[in-house]
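**Student:** Would you mind keeping the following structure in view while I ask a few things?
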Amino acid sequence: MRVAKRTAVLLGTVVTVSAMLVSCSGQVGNTGAGDAKKLVLIPGAADEPFYISMQCGAQAEAQRLGYDFDTQAPTKFDAGVQTPVLTGVVANKPGAILIAPTHATAMANPMKQAKDAGIKIVEVDTALDDTSIAESSIASDNSKGGELAADTLAKLVGDKGPVLVINTKAGTSTTDARAKGFIDALSDHPGMTSLGVQYNNNEAAQAASIITATLAAHPDLAGVFATNLSSAEGAATGLRNANKLGQVKLIGFDASPKQVEDLKAGTVQALIAQDPAGIGAKGVDEAAAALEGKQVTRTIQTDMIAITQADMDANERYFYKREC
Ligand code: T6T
C-alpha cells in the first residue's frame with residue numbers, strides 16, 4: 001500500500017541521491033568568469049507564495065553562508081517572459097543561478113548559454129528534460145505527490161465516480177509529473193473513472209471555467225485533483241460558484257494563504273504542501289558547493305505533506321508565505 005492510513009503523510013525525509021556529481025578538485029572558487037560570491041534566484045513567477053517562500057529560504061541560507069543574493073522574477077510563468085530575465089542576469093555574470101525553468105524544453109537553450117558563460121546552474125522545483133545543464137536539481141517527488149493525491153481522493157469519494165485533473169501549463173516538469181502520478185495511480189482504484197487532464201495555463205479563472213464546463217457535462221463529478229496553486233485556487237472558486245462545495249471533493253497541490261482559507265472553509269478537502277523554503281535553501285547549498293569545488297548532489301528530493309482541515313492547526317509551519 002502506498003499511502004498510510006493517516007491522511008497526513010510526510011513523504012520520506014529529505015534527500016534521495018540518484019547521482020553524485022563530484023568536482024572535488026581541492027580548488028576553491030569559481031571556475032567560470034562570474035562573481036563567485038554572487039547568487040541569483042530566477043523563480044517561475046513574481047508575487048507567488050510558493051516562490052516567495054522559496055526566496056525566503058534561499059536568501060536566509062545565502063546570508064548564513066556569506067553569499068550576495070538577488071532575486072529576478074518574471075512577471076508571468078512563461079518561457080518567453082523568463083528568457084529575457086535570464087539573459088539579463090547572465091550579462092551580469094553571477095557565480096551561480098538558481099532557476100525554476102518554466103518549460104522543460106523551451107528553457108534549455110538560454111540555460112545552456114548561461115552554463116557556457118561559466119555560470120553554475122542549479123534547478124529549483126522545475127527542471128529541464130536535458131539533465132546535462134544543471135549541477136543539481138532540487139524538488140519534491142512530484143510523481144509520488146500525484147499518487148498521494150489519488151489515494152487521498154479515493155478515500156474521500158469512497159473509491160468511485162468520475163474524477164478530473166486540472167493541470168497548469170503543459171511542459172511544466174513538476175505538474176506534468178503530478179498529473180501522471182495521479183492518473184497512473186487510478187489503476188489501483190478501478191471504481192474511479194478518469195475524465196482526463198485539462199490545462200488552466202496557470203490562470204485561476206481558467207480553472208474555475210473548467211469546473212463549470214465539466215459539471216455541465218458530468219453532473220456526477222466526484223472529485224478533482226488540481227496540480228498547483230492556480231488550478232486549486234480556481235477550482236475552489238468554480239465549485240463555490242456551482243454550489244457544489246463538499247459534494248465534489250477537491251485536492252490541491254500547494255498551500256497558499258487562499259488555499260489555506262479554502263481548506264478552513266471546507267471548499268477543499270486536502271492540500272499537499274511542499275517545502276519551497278527548503279528547496280531554496282538546499283539550492284543555495286548546492287550552488288555554494290559547486291562554486292567552492294566541493295561535492296555536489298545531482299538530485300535532491302524534499303518533503304511534502306497532505307494536510308486536511310482536521311490537522312491544519314498542527315501543520316501551520318507548512319503554509320506558504322506572502323513575505324519573508
Ligand atoms: O506548485 C508550484 C510549483 O511546484 C510548480 O512547479 C509550479 O506551480 C507552483 O509554483 C504553484 O503555483
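Residues in the C-alpha cells are named by chain (A, B, ... in the order shown) and by number from 1 within that chain; ligands are numbered from 1 in the order shown.
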What does the list of residues within 6 Å of ligand 1 look like if you count only C-alpha atoms and all ligand atoms, written as a PyMOL selection string?
**Tutor:** chain A and resi 50+125-126+174-175+228-230+254
**Student:** Could you pull the residues within 12 Å of range 179-190 of chain A, counting only C-alpha atoms, minus those fewer than 2 positions along the same chain, as a VMD selection string?
**Tutor:** chain A and resid 1 to 3 141 to 155 157 to 177 192 to 199 224 to 228 251 to 253
**Student:** Taking into account only C-alpha atoms, which residue in the set A:Gly95, A:Pro257, A:Pro101, A:Pro110 is nearest to Ala273 in chain A?
**Tutor:** A:Pro257
**Student:** For Arg240 in chain A, list every protein, DNA or RNA residue within 12 Å, evaluated using only C-alpha atoms, and leave out those in the same chain fewer than 4 positions away; present the list as a count of residues only.
**Tutor:** 20
**Student:** Within 10 Å of Lys264 in chain A, counting only C-alpha atoms, which residues show up once you throw out same-chain ones fewer than 6 positions away? Write them as a CSV table (one decimal) with N, CA, C and O atoms, in the first residue's frame, please.
**Tutor:**
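Dumped to part.csv:
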chain,number,residue,atom,x,y,z
A,258,LYS,N,-4.6,31.7,0.3
A,258,LYS,CA,-6.0,31.5,-0.2
A,258,LYS,C,-6.4,30.0,-0.1
A,258,LYS,O,-7.5,29.6,0.3
A,308,THR,N,-5.2,18.1,6.0
A,308,THR,CA,-6.7,18.2,6.0
A,308,THR,C,-7.1,19.3,7.0
A,308,THR,O,-6.3,19.8,7.8
A,309,GLN,N,-8.4,19.6,7.0
A,309,GLN,CA,-9.0,20.5,8.0
A,309,GLN,C,-8.7,20.1,9.4
A,309,GLN,O,-8.4,20.9,10.3
A,310,ALA,N,-8.7,18.7,9.6
A,310,ALA,CA,-8.6,18.2,11.0
A,310,ALA,C,-7.2,18.5,11.5
A,310,ALA,O,-7.0,18.6,12.7
A,312,MET,N,-4.9,20.9,10.3
A,312,MET,CA,-4.3,22.1,9.7
A,312,MET,C,-3.6,22.9,10.8
A,312,MET,O,-2.6,23.6,10.5
A,313,ASP,N,-4.2,23.0,12.0
A,313,ASP,CA,-3.5,23.8,13.0
A,313,ASP,C,-2.2,23.3,13.4
A,313,ASP,O,-1.2,24.1,13.6
**Student:** DSSP on the backbone: what in range 23-211 of chain A comes out helix (DSSP H, G or I), as a ChimeraX atom specification?
**Tutor:** /A:49-65,79-91,108-116,142-156,173-188,204-211
**Student:** Looking at A:Gly278, A:Pro43, A:Gly88, A:Gly223, which one is nearest to Leu156 in chain A, with distances taken over only C-alpha atoms?
**Tutor:**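 That would be A:Gly223, the residue with the smallest distance to Leu156 in chain A.
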**Student:** Please compute the CA of Val40 in chain A-CA of Ala255 in chain A distance, one decimal, in Å.
**Tutor:** 24.9 Å
